[in-house]
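Here is the file my_file-v3.csv (CSV, C-alpha atoms).
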chain,number,residue,atom,x,y,z
A,122,MET,CA,120.6,147.3,99.4
A,123,SER,CA,120.1,149.0,102.8
A,124,LEU,CA,116.8,150.6,103.6
A,125,PRO,CA,116.2,153.5,106.0
A,126,ASP,CA,115.1,152.5,109.4
A,127,HIS,CA,111.4,153.4,109.0
A,128,TRP,CA,108.3,151.7,110.0
A,129,ILE,CA,107.1,151.4,106.4
A,130,LYS,CA,110.1,149.2,105.7
A,131,HIS,CA,108.6,146.5,107.7
A,132,PHE,CA,105.4,146.6,105.6
A,133,PHE,CA,107.6,146.2,102.5
A,134,ILE,CA,109.6,143.3,103.9
A,135,ALA,CA,106.5,141.5,105.1
A,136,ASN,CA,104.8,141.9,101.8
A,137,SER,CA,107.9,140.6,100.0
A,138,ASN,CA,108.0,137.6,102.2
A,139,LEU,CA,104.3,136.9,101.6
A,140,GLU,CA,104.9,137.1,97.8
A,141,GLN,CA,107.8,134.7,98.1
A,142,LEU,CA,105.6,132.3,100.2
A,143,CYS,CA,107.7,132.8,103.3
A,144,ASN,CA,104.6,132.9,105.3
A,145,ASP,CA,106.1,132.3,108.8
A,146,GLU,CA,108.4,135.4,108.4
A,147,ALA,CA,105.6,137.5,107.0
A,148,LEU,CA,103.2,136.5,109.8
A,149,GLU,CA,105.7,137.3,112.5
A,150,ILE,CA,106.3,140.8,111.1
A,151,TYR,CA,102.6,141.5,110.6
A,152,THR,CA,101.9,140.4,114.2
A,153,ASN,CA,104.7,142.7,115.5
A,154,LEU,CA,103.2,145.6,113.5
A,155,GLN,CA,99.8,145.0,115.0
A,156,GLU,CA,101.3,145.1,118.5
A,157,SER,CA,103.2,148.3,117.6
A,158,GLY,CA,100.0,150.4,117.1
A,159,PHE,CA,98.5,149.1,113.9
A,160,GLU,CA,96.0,146.7,115.5
A,161,LYS,CA,93.1,148.4,113.7
A,162,SER,CA,94.6,148.3,110.2
A,163,ASN,CA,92.3,146.4,107.8
A,164,TYR,CA,95.3,145.9,105.5
A,165,LEU,CA,97.2,144.0,108.2
A,166,MET,CA,94.2,141.9,109.1
A,167,ALA,CA,93.8,140.9,105.4
A,168,GLN,CA,97.5,140.1,105.0
A,169,ILE,CA,97.5,137.9,108.1
A,170,ALA,CA,94.4,136.1,106.8
A,171,ILE,CA,96.3,135.4,103.5
A,172,ALA,CA,99.3,134.2,105.4
A,173,HIS,CA,97.1,131.7,107.3
A,174,HIS,CA,95.6,130.7,103.9
A,175,ASN,CA,99.0,130.0,102.5
A,176,ARG,CA,99.9,127.9,105.5
A,177,ARG,CA,96.8,125.8,105.0
A,178,GLU,CA,95.4,127.0,108.3
A,179,LEU,CA,91.9,127.3,106.8
A,180,ASP,CA,89.9,127.8,110.0
A,181,LYS,CA,92.1,130.6,111.2
A,182,ALA,CA,92.0,132.3,107.8
A,183,ILE,CA,88.2,132.1,107.6
A,184,GLU,CA,87.9,133.5,111.1
A,185,SER,CA,90.2,136.4,110.2
A,186,PHE,CA,88.3,137.2,107.1
A,187,ARG,CA,85.0,137.1,109.0
A,188,HIS,CA,86.3,139.5,111.6
A,189,LEU,CA,87.6,141.8,108.9
A,190,GLN,CA,84.2,141.7,107.1
A,191,SER,CA,82.4,142.6,110.4
A,192,ILE,CA,84.6,145.6,110.8
A,193,ASP,CA,84.5,146.8,107.2
A,194,PRO,CA,81.5,145.1,105.4
A,195,TYR,CA,82.0,147.2,102.2
A,196,ARG,CA,85.5,146.1,101.6
A,197,LEU,CA,85.9,144.0,98.5
A,198,ASP,CA,89.7,143.7,98.4
A,199,ASN,CA,90.9,140.0,98.9
A,200,LEU,CA,87.3,138.8,98.8
A,201,ASP,CA,88.3,136.3,96.1
A,202,THR,CA,90.7,134.6,98.6
A,203,TYR,CA,88.0,134.5,101.2
A,204,SER,CA,85.7,132.8,98.6
A,205,ASN,CA,88.4,130.3,97.8
A,206,LEU,CA,88.5,129.3,101.5
A,207,LEU,CA,84.7,128.9,101.7
A,208,TYR,CA,84.8,126.8,98.5
A,209,VAL,CA,87.5,124.5,99.9
A,210,ASN,CA,85.5,124.0,103.1
A,211,ASP,CA,82.3,123.4,101.1
A,212,LEU,CA,80.5,126.2,102.9
A,213,LYS,CA,77.9,126.7,100.1
A,214,THR,CA,75.5,128.8,102.1
A,215,ASP,CA,78.2,131.2,103.3
A,216,LEU,CA,79.6,131.5,99.8
A,217,GLY,CA,76.1,132.2,98.4
A,218,ASN,CA,75.6,135.0,100.9
A,219,LEU,CA,79.0,136.4,100.2
A,220,ALA,CA,78.2,136.5,96.4
A,221,HIS,CA,75.0,138.3,97.0
A,222,HIS,CA,76.7,140.8,99.3
A,223,ALA,CA,79.5,141.4,96.8
A,224,VAL,CA,77.0,142.0,94.0
A,225,SER,CA,75.1,144.5,96.1
A,226,ILE,CA,78.3,146.5,96.6
A,227,ASP,CA,79.8,146.5,93.1
A,228,LYS,CA,79.0,143.8,90.5
A,229,TYR,CA,81.7,145.2,88.2
A,230,ARG,CA,84.7,144.4,90.4
A,231,VAL,CA,86.9,141.5,89.5
A,232,GLU,CA,86.6,140.2,93.1
A,233,THR,CA,82.9,140.0,92.7
A,234,CYS,CA,83.1,138.1,89.5
A,235,CYS,CA,85.5,135.7,91.1
A,236,VAL,CA,83.2,135.1,94.1
A,237,ILE,CA,80.3,134.4,91.8
A,238,GLY,CA,82.4,132.0,89.8
A,239,ASN,CA,83.4,130.1,92.9
A,240,TYR,CA,79.8,129.9,93.9
A,241,TYR,CA,78.7,128.4,90.6
A,242,SER,CA,81.7,126.0,90.7
A,243,LEU,CA,80.6,124.8,94.1
A,244,ARG,CA,77.2,124.1,92.6
A,245,SER,CA,78.9,122.1,89.8
A,246,ASP,CA,77.6,124.7,87.3
A,247,HIS,CA,81.0,124.9,85.6
A,248,GLN,CA,79.8,126.7,82.4
A,249,LYS,CA,78.5,129.6,84.4
A,250,ALA,CA,81.6,129.7,86.5
A,251,VAL,CA,83.8,130.0,83.4
A,252,ILE,CA,81.6,132.9,82.2
A,253,ASN,CA,82.1,134.8,85.4
A,254,PHE,CA,85.9,134.2,85.4
A,255,GLN,CA,86.0,135.4,81.8
A,256,ARG,CA,84.1,138.5,82.8
A,257,ALA,CA,86.7,139.2,85.5
A,258,LEU,CA,89.5,138.8,82.9
A,259,LYS,CA,87.7,141.3,80.6
A,260,LEU,CA,87.9,143.8,83.5
A,261,ASN,CA,91.5,142.9,84.3
A,262,PRO,CA,93.4,140.6,81.9
A,263,GLN,CA,96.2,140.4,84.5
A,264,TYR,CA,94.0,139.0,87.2
A,265,LEU,CA,95.9,135.9,88.2
A,266,SER,CA,93.2,134.1,90.3
A,267,ALA,CA,90.7,134.2,87.4
A,268,TRP,CA,93.2,132.5,85.0
A,269,THR,CA,94.0,129.7,87.5
A,270,LEU,CA,90.4,129.1,88.6
A,271,MET,CA,89.2,129.1,85.0
A,272,GLY,CA,91.8,126.4,84.3
A,273,HIS,CA,90.3,124.3,87.2
A,274,GLU,CA,86.9,124.7,85.7
A,275,PHE,CA,88.0,123.6,82.2
A,276,MET,CA,89.5,120.6,83.9
A,277,GLU,CA,86.2,119.7,85.5
A,278,MET,CA,84.6,120.1,82.0
A,279,LYS,CA,87.2,117.7,80.5
A,280,ASN,CA,88.5,120.4,78.2
A,281,SER,CA,92.2,119.8,78.6
A,282,ASN,CA,93.4,122.1,75.9
A,283,ALA,CA,91.5,125.1,77.3
A,284,ALA,CA,92.8,124.2,80.8
A,285,ILE,CA,96.4,124.2,79.6
A,286,GLN,CA,96.0,127.5,77.9
A,287,SER,CA,94.5,129.1,81.1
A,288,TYR,CA,97.3,127.7,83.3
A,289,ARG,CA,99.9,129.0,80.9
A,290,GLN,CA,98.3,132.4,80.9
A,291,ALA,CA,98.4,132.4,84.7
A,292,ILE,CA,102.1,131.6,84.6
A,293,GLU,CA,102.7,134.5,82.1
A,294,VAL,CA,101.1,136.8,84.7
A,295,ASN,CA,103.1,135.4,87.6
A,296,LYS,CA,105.7,132.6,87.2
A,297,ARG,CA,105.6,132.1,91.0
A,298,ASP,CA,102.0,130.9,91.0
A,299,TYR,CA,102.4,127.3,92.2
A,300,ARG,CA,98.7,126.5,91.6
A,301,ALA,CA,99.1,127.0,87.8
A,302,TRP,CA,102.2,124.8,87.7
A,303,TYR,CA,100.4,122.2,89.8
A,304,GLY,CA,97.4,122.4,87.5
A,305,LEU,CA,99.5,121.8,84.4
A,306,GLY,CA,101.0,118.8,86.1
A,307,GLN,CA,97.5,117.4,86.8
A,308,THR,CA,96.3,118.1,83.3
A,309,TYR,CA,99.2,116.2,81.7
A,310,GLU,CA,98.8,113.4,84.2
A,311,ILE,CA,95.2,113.0,83.0
A,312,LEU,CA,96.5,113.0,79.5
A,313,LYS,CA,98.8,110.1,80.5
A,314,MET,CA,102.0,112.1,79.8
A,315,PRO,CA,104.0,111.5,82.9
A,316,PHE,CA,107.3,113.1,81.8
A,317,TYR,CA,105.5,116.4,81.2
A,318,SER,CA,103.6,116.2,84.4
A,319,LEU,CA,106.8,115.4,86.3
A,320,HIS,CA,108.4,118.6,84.9
A,321,TYR,CA,105.4,120.8,86.1
A,322,TYR,CA,105.1,119.1,89.4
A,323,LYS,CA,108.8,119.8,90.0
A,324,GLN,CA,108.3,123.5,89.3
A,325,ALA,CA,105.4,123.6,91.8
A,326,GLN,CA,107.4,121.7,94.4
A,327,GLN,CA,110.3,124.2,94.1
A,328,LEU,CA,107.8,127.0,94.8
A,329,ARG,CA,106.2,125.1,97.7
A,330,PRO,CA,109.1,122.9,99.1
A,331,ASN,CA,107.2,122.2,102.3
A,332,ASP,CA,103.8,121.3,100.8
A,333,SER,CA,103.2,117.6,101.0
A,334,ARG,CA,100.7,117.7,98.2
A,335,MET,CA,103.4,118.6,95.7
A,336,LEU,CA,105.7,115.9,97.0
A,337,ILE,CA,103.0,113.2,96.8
A,338,ALA,CA,102.2,114.2,93.3
A,339,LEU,CA,105.9,113.9,92.4
A,340,GLY,CA,106.0,110.5,94.1
A,341,GLU,CA,103.0,109.2,92.3
A,342,THR,CA,104.5,110.4,89.0
A,343,TYR,CA,107.8,108.7,89.8
A,344,GLU,CA,105.8,105.5,90.4
A,345,LYS,CA,104.3,105.6,87.0
A,346,LEU,CA,107.8,106.1,85.5
A,347,GLU,CA,108.9,103.0,87.6
A,348,LYS,CA,111.4,105.1,89.6
A,349,ILE,CA,110.5,103.5,92.9
A,350,GLU,CA,113.5,104.8,94.9
A,351,ASN,CA,112.7,108.4,93.9
A,352,ALA,CA,109.0,107.8,94.8
A,353,LEU,CA,109.9,106.6,98.2
A,354,LYS,CA,112.1,109.6,98.8
A,355,CYS,CA,109.2,111.9,98.0
A,356,TYR,CA,106.8,110.1,100.3
A,357,HIS,CA,109.3,110.2,103.2
A,358,ARG,CA,109.9,113.9,102.6
A,359,ALA,CA,106.1,114.4,102.6
A,360,CYS,CA,105.9,112.7,106.0
A,361,ASN,CA,108.7,114.8,107.4
A,362,VAL,CA,107.2,118.1,106.3
A,363,GLY,CA,103.7,117.2,107.6
A,364,ASP,CA,101.4,115.1,105.4
A,365,ILE,CA,98.3,117.2,104.8
A,366,GLU,CA,96.2,114.5,103.2
A,367,GLY,CA,97.6,111.5,105.0
A,368,MET,CA,98.5,109.7,101.7
A,369,ALA,CA,102.3,109.5,102.0
A,370,LEU,CA,102.3,106.7,104.5
A,371,ILE,CA,99.7,104.7,102.6
A,372,ASN,CA,101.6,105.0,99.3
A,373,SER,CA,104.9,104.1,101.0
A,374,ALA,CA,103.3,101.0,102.6
A,375,ARG,CA,101.9,99.9,99.2
A,376,LEU,CA,105.2,100.4,97.5
A,377,TYR,CA,107.1,98.4,100.2
A,378,ASP,CA,104.5,95.7,99.9
A,379,ASN,CA,105.0,95.5,96.1
A,380,LEU,CA,108.7,95.2,96.8
A,381,ASN,CA,108.0,92.3,99.3
A,382,ASP,CA,109.5,94.4,102.1
A,383,VAL,CA,106.8,93.3,104.5
A,384,ASP,CA,108.5,94.8,107.7
A,385,ASN,CA,108.8,98.3,106.3
A,386,ALA,CA,105.3,98.0,104.8
A,387,ALA,CA,103.9,97.0,108.2
A,388,ALA,CA,105.8,99.9,109.9
A,389,ALA,CA,104.3,102.4,107.5
A,390,TYR,CA,100.7,100.9,107.9
A,391,THR,CA,101.1,101.0,111.7
A,392,GLU,CA,102.2,104.7,111.6
A,393,TYR,CA,99.3,105.5,109.4
A,394,CYS,CA,96.8,103.8,111.7
A,395,LEU,CA,98.2,105.7,114.7
A,396,SER,CA,98.5,109.0,112.9
A,397,GLU,CA,96.2,112.0,113.2
A,398,HIS,CA,95.0,111.6,109.6
A,399,LYS,CA,92.7,108.7,110.4
A,400,PRO,CA,89.4,109.4,108.5
A,401,THR,CA,86.2,109.7,110.5
A,402,THR,CA,83.8,109.3,107.6
A,403,TYR,CA,83.3,106.5,105.1
A,404,SER,CA,85.2,107.4,102.1
A,405,GLY,CA,88.2,106.3,100.0
A,406,ASP,CA,90.4,107.1,102.9
A,407,GLN,CA,88.2,104.9,105.1
A,408,ALA,CA,88.9,102.0,102.7
A,409,ASN,CA,92.6,102.7,103.0
A,410,LEU,CA,92.4,102.6,106.8
A,411,TYR,CA,90.6,99.2,106.9
A,412,SER,CA,93.0,97.8,104.3
A,413,ALA,CA,95.8,98.8,106.6
A,414,TYR,CA,94.0,97.0,109.5
A,415,ARG,CA,93.7,93.8,107.4
A,416,TYR,CA,97.3,93.9,106.3
A,417,LEU,CA,98.5,94.3,109.9
A,418,ALA,CA,96.3,91.6,111.2
A,419,ASN,CA,97.7,89.1,108.6
A,420,TYR,CA,101.3,90.4,109.2
A,421,HIS,CA,101.1,89.9,113.0
A,422,MET,CA,99.4,86.6,112.5
A,423,LYS,CA,102.3,85.3,110.4
A,424,LYS,CA,104.7,86.6,113.0
A,425,GLY,CA,102.9,84.7,115.8
A,426,GLN,CA,102.0,88.0,117.5
A,427,LEU,CA,98.5,87.0,118.4
A,428,ASP,CA,97.6,89.9,120.6
A,429,ASP,CA,98.4,92.5,117.9
A,430,ALA,CA,96.8,90.3,115.3
A,431,TYR,CA,93.6,90.1,117.4
A,432,THR,CA,93.5,93.9,117.8
A,433,TYR,CA,93.7,94.6,114.1
A,434,ALA,CA,91.4,91.7,113.1
A,435,TYR,CA,88.7,93.0,115.5
A,436,LYS,CA,88.9,96.5,113.9
A,437,CYS,CA,88.3,94.8,110.6
A,438,LEU,CA,84.8,94.0,111.8
A,439,GLU,CA,83.8,97.6,111.6
A,440,SER,CA,83.9,97.6,107.7
A,441,GLU,CA,81.7,95.5,105.4
A,442,GLU,CA,84.6,95.0,103.0
A,443,THR,CA,86.9,93.5,105.7
A,444,LYS,CA,84.4,92.0,108.1
A,445,GLU,CA,84.4,88.4,106.8
A,446,GLU,CA,88.2,88.3,106.6
A,447,GLY,CA,88.3,89.7,110.2
A,448,LYS,CA,86.0,87.0,111.4
A,449,ALA,CA,88.1,84.3,109.8
A,450,LEU,CA,91.2,85.7,111.4
A,451,LEU,CA,89.6,85.8,114.8
A,452,ARG,CA,88.5,82.2,114.6
A,453,THR,CA,92.0,81.2,113.6
A,454,ILE,CA,93.5,83.1,116.5
A,455,ALA,CA,91.0,81.6,118.9
A,456,SER,CA,91.9,78.1,117.6
A,457,ILE,CA,95.7,78.7,118.1
A,458,ARG,CA,95.2,80.1,121.5
A,459,GLY,CA,93.1,77.1,122.5
A,460,GLN,CA,95.9,74.8,121.5
A,461,GLN,CA,98.4,76.9,123.3
A,462,ASP,CA,96.4,77.1,126.5
A,463,ASN,CA,95.6,73.3,126.7
A,464,PRO,CA,98.6,71.4,125.2
A,465,GLU,CA,97.9,68.3,127.4
A,466,ALA,CA,94.5,67.9,126.0
A,467,THR,CA,96.0,68.0,122.6
A,468,MET,CA,98.5,65.3,123.5
A,469,ASP,CA,95.8,63.1,125.1
A,470,ALA,CA,93.7,63.4,121.9
A,471,MET,CA,96.7,62.2,119.9
A,472,ASP,CA,97.2,59.2,122.3
A,473,VAL,CA,93.6,58.2,122.0
A,474,THR,CA,93.8,58.4,118.3
A,475,ASN,CA,96.9,56.2,118.3
A,476,CYS,CA,95.3,53.6,120.6
A,477,SER,CA,92.2,53.4,118.5
A,478,ILE,CA,94.3,52.5,115.5
A,479,ALA,CA,96.5,49.9,117.3
A,480,PRO,CA,93.8,47.2,118.0
A,481,GLU,CA,92.7,47.0,114.4
A,482,THR,CA,96.3,46.1,113.5
A,483,GLU,CA,96.4,43.4,116.2
A,484,THR,CA,93.1,41.9,115.1
A,485,VAL,CA,94.4,41.5,111.6
A,486,ASP,CA,97.5,39.7,112.9
A,487,MET,CA,95.5,37.3,115.1
A,488,ILE,CA,93.3,36.0,112.2
A,489,PRO,CA,94.3,32.3,111.6
A,490,SER,CA,95.8,31.7,108.2
A,491,ASN,CA,93.6,28.7,107.5
A,492,THR,CA,90.5,30.9,107.6
A,493,ILE,CA,91.7,32.8,104.6
Encoded form (structure tokens):
Amino acid sequence: MSLPDHWIKHFFIANSNLEQLCNDEALEIYTNLQESGFEKSNYLMAQIAIAHHNRRELDKAIESFRHLQSIDPYRLDNLDTYSNLLYVNDLKTDLGNLAHHAVSIDKYRVETCCVIGNYYSLRSDHQKAVINFQRALKLNPQYLSAWTLMGHEFMEMKNSNAAIQSYRQAIEVNKRDYRAWYGLGQTYEILKMPFYSLHYYKQAQQLRPNDSRMLIALGETYEKLEKIENALKCYHRACNVGDIEGMALINSARLYDNLNDVDNAAAAYTEYCLSEHKPTTYSGDQANLYSAYRYLANYHMKKGQLDDAYTYAYKCLESEETKEEGKALLRTIASIRGQQDNPEATMDAMDVTNCSIAPETETVDMIPSNTI
């Protein structure tokens, strides 16, 4: 279908790209439209913020929404997306202020109910969060975000059946909502039904082919199904598209270690230690980092690569869980280096030991037989 060469056509194409999650193409068109005279368009600012959100550029998205709110403080459109960003970044104060601001404008808007629901969810008050999402759905039963977010809340409340129903309703509203497919995969994973979760994770991955989270979820499910080759392919793909959470390398290294492929395991651990995903706070990821240091220290020790072994063993001292093993490795390395640096002393010690043994043998031979 050929469209007339009109400026509104570009708005339509950009919006279609954004709906299809072709964020780069949409962002390029929106930027060109801003440069063509629409730089003051609130709609364009909001669409650009959503594109940044879809690309997981959270800081840029939050900055765009804040700029939009400063220009038009009474605008409630897309405020639900803004509240999702504040929720993910754990900005509780900002989210609370946004909820109060939205209520003061119009408490009967679906966006307002969604913002309040996210605020209660961040406070771990999941029951009140569900009430607000249900209130939004009474106002608009086709409101996609409320169905998906309510599914997340039911998951937090360990209500798997209600979560599944919420996610299925979200898919009824929009079959291209990857969050609902991904949520179903997580739900069935918790229910220990890996074949079901694999199906839903595949659907989510088809909608977000370059999202490493979908690929890692697929890989972990393949692991549970003992399809190791498929799992490794998923982890490698996640590394290639840009591992958001930094788990693909760790999972690959662990799999290679289980397969006794120590060289590939060491290569994966090394890449993880040198990557930009190294955690800066003590958490589960921090434990993974020091486990990688410990593995590499032992690996290089067995290979006789003492300098590399020393480097990783020394880093093990920074964690309480690996400190003692790191000290033991450092002592072993120092002992080996001492022997390598002074081989003559080692040989002299061996000679002295031999000499001290020989006279005892001669003394026994010299004892007269009549004294026995």
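For the residues A:Ala172, A:Leu353, A:Ala301, A:Ala389, ranking by smallest atom-to-atom distance to Ser266 in chain A using all atoms listed in the file places A:Ala301 first.
In terms of minimum interatomic distance to Leu212 in chain A, A:Asp180 ranks closest within A:Asp227, A:Asp180, A:Asp193, A:Glu446, counting all atoms listed in the file.
The interatomic distance for the pair CA of Tyr321 in chain A and CA of Trp302 in chain A works out to 5.4 Å.
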Residue contacts of range 416-432 of chain A (8 Å, all atoms listed in the file) excluding same-chain residues fewer than 3 positions away, as JSON, numbers by chain: {"A": [383, 387, 390, 391, 412, 413, 435, 436, 450, 451, 454]}
Writing out the chosen residues with C-alpha atoms as a JSON list (two decimals), keeping the file's coordinate frame:
[["chain", "number", "residue", "atom", "x", "y", "z"],
["A", 383, "VAL", "CA", 106.80, 93.30, 104.50],
["A", 387, "ALA", "CA", 103.90, 97.00, 108.20],
["A", 390, "TYR", "CA", 100.70, 100.90, 107.90],
["A", 391, "THR", "CA", 101.10, 101.00, 111.70],
["A", 412, "SER", "CA", 93.00, 97.80, 104.30],
["A", 413, "ALA", "CA", 95.80, 98.80, 106.60],
["A", 435, "TYR", "CA", 88.70, 93.00, 115.50],
["A", 436, "LYS", "CA", 88.90, 96.50, 113.90],
["A", 450, "LEU", "CA", 91.20, 85.70, 111.40],
["A", 451, "LEU", "CA", 89.60, 85.80, 114.80],
["A", 454, "ILE", "CA", 93.50, 83.10, 116.50]]
May I have the residues within 10 Å of range 138-151 of chain A as number ranges by chain, using only C-alpha atoms and disregarding those fewer than 4 positions away in the same chain? A: 131-134, 155-157, 159-160, 164-166, 168-176, 297-299, 328-329
Kindly save the residues from that selection, with C-alpha atoms included, as a PDB file, in the frame of the given file.
ATOM      1  CA  HIS A 131     108.600 146.500 107.700  1.00  0.00           C
ATOM      2  CA  PHE A 132     105.400 146.600 105.600  1.00  0.00           C
ATOM      3  CA  PHE A 133     107.600 146.200 102.500  1.00  0.00           C
ATOM      4  CA  ILE A 134     109.600 143.300 103.900  1.00  0.00           C
ATOM      5  CA  GLN A 155      99.800 145.000 115.000  1.00  0.00           C
ATOM      6  CA  GLU A 156     101.300 145.100 118.500  1.00  0.00           C
ATOM      7  CA  SER A 157     103.200 148.300 117.600  1.00  0.00           C
ATOM      8  CA  PHE A 159      98.500 149.100 113.900  1.00  0.00           C
ATOM      9  CA  GLU A 160      96.000 146.700 115.500  1.00  0.00           C
ATOM     10  CA  TYR A 164      95.300 145.900 105.500  1.00  0.00           C
ATOM     11  CA  LEU A 165      97.200 144.000 108.200  1.00  0.00           C
ATOM     12  CA  MET A 166      94.200 141.900 109.100  1.00  0.00           C
ATOM     13  CA  GLN A 168      97.500 140.100 105.000  1.00  0.00           C
ATOM     14  CA  ILE A 169      97.500 137.900 108.100  1.00  0.00           C
ATOM     15  CA  ALA A 170      94.400 136.100 106.800  1.00  0.00           C
ATOM     16  CA  ILE A 171      96.300 135.400 103.500  1.00  0.00           C
ATOM     17  CA  ALA A 172      99.300 134.200 105.400  1.00  0.00           C
ATOM     18  CA  HIS A 173      97.100 131.700 107.300  1.00  0.00           C
ATOM     19  CA  HIS A 174      95.600 130.700 103.900  1.00  0.00           C
ATOM     20  CA  ASN A 175      99.000 130.000 102.500  1.00  0.00           C
ATOM     21  CA  ARG A 176      99.900 127.900 105.500  1.00  0.00           C
ATOM     22  CA  ARG A 297     105.600 132.100  91.000  1.00  0.00           C
ATOM     23  CA  ASP A 298     102.000 130.900  91.000  1.00  0.00           C
ATOM     24  CA  TYR A 299     102.400 127.300  92.200  1.00  0.00           C
ATOM     25  CA  LEU A 328     107.800 127.000  94.800  1.00  0.00           C
ATOM     26  CA  ARG A 329     106.200 125.100  97.700  1.00  0.00           C
TER      27      ARG A 329
END
Between A:Ile183, A:Ile237, A:Cys394, A:Ile371, which one has atoms that come closest to Asn210 in chain A, using only C-alpha atoms? A:Ile183
For CA of Val294 in chain A and CA of Leu319 in chain A, determine how far apart the two atoms are, in Å to one decimal place. 22.2 Å
Can you write out as JSON lines which residues of range 318-352 of chain A fall within 10 Å of range 358-367 of chain A, alongside each residue's closest atom pair and its distance in Å to one decimal, counting all atoms listed in the file and ordering rows by chain and ascending residue number?
{"residue": "A:Pro330", "atom": "CA", "partner": "A:Val362", "partner_atom": "CA", "distance": 8.9}
{"residue": "A:Asn331", "atom": "CA", "partner": "A:Val362", "partner_atom": "CA", "distance": 5.7}
{"residue": "A:Asp332", "atom": "CA", "partner": "A:Val362", "partner_atom": "CA", "distance": 7.2}
{"residue": "A:Ser333", "atom": "CA", "partner": "A:Ala359", "partner_atom": "CA", "distance": 4.6}
{"residue": "A:Arg334", "atom": "CA", "partner": "A:Ile365", "partner_atom": "CA", "distance": 7.0}
{"residue": "A:Met335", "atom": "CA", "partner": "A:Ala359", "partner_atom": "CA", "distance": 8.5}
{"residue": "A:Leu336", "atom": "CA", "partner": "A:Ala359", "partner_atom": "CA", "distance": 5.8}
{"residue": "A:Ile337", "atom": "CA", "partner": "A:Ala359", "partner_atom": "CA", "distance": 6.7}
{"residue": "A:Gly340", "atom": "CA", "partner": "A:Ala359", "partner_atom": "CA", "distance": 9.4}
{"residue": "A:Ala352", "atom": "CA", "partner": "A:Arg358", "partner_atom": "CA", "distance": 9.9}
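Taking all atoms listed in the file into account, Tyr229 in chain A lies nearest to A:Ala257 out of the set A:Leu206, A:Ile129, A:Ala267, A:Ala257.
Reported to one decimal place, the separation of CA of Gln327 in chain A from CA of Lys296 in chain A is 11.8 Å.
Residues within 8 Å of range 241-253 of chain A, counting only C-alpha atoms and excluding same-chain residues fewer than 2 positions away, are Tyr208, Asp211, Lys213, Cys234, Cys235, Ile237, Gly238, Asn239, Gln255, Arg256, Ala257, Met271, Glu274, Phe275, Glu277 and Met278 of chain A.
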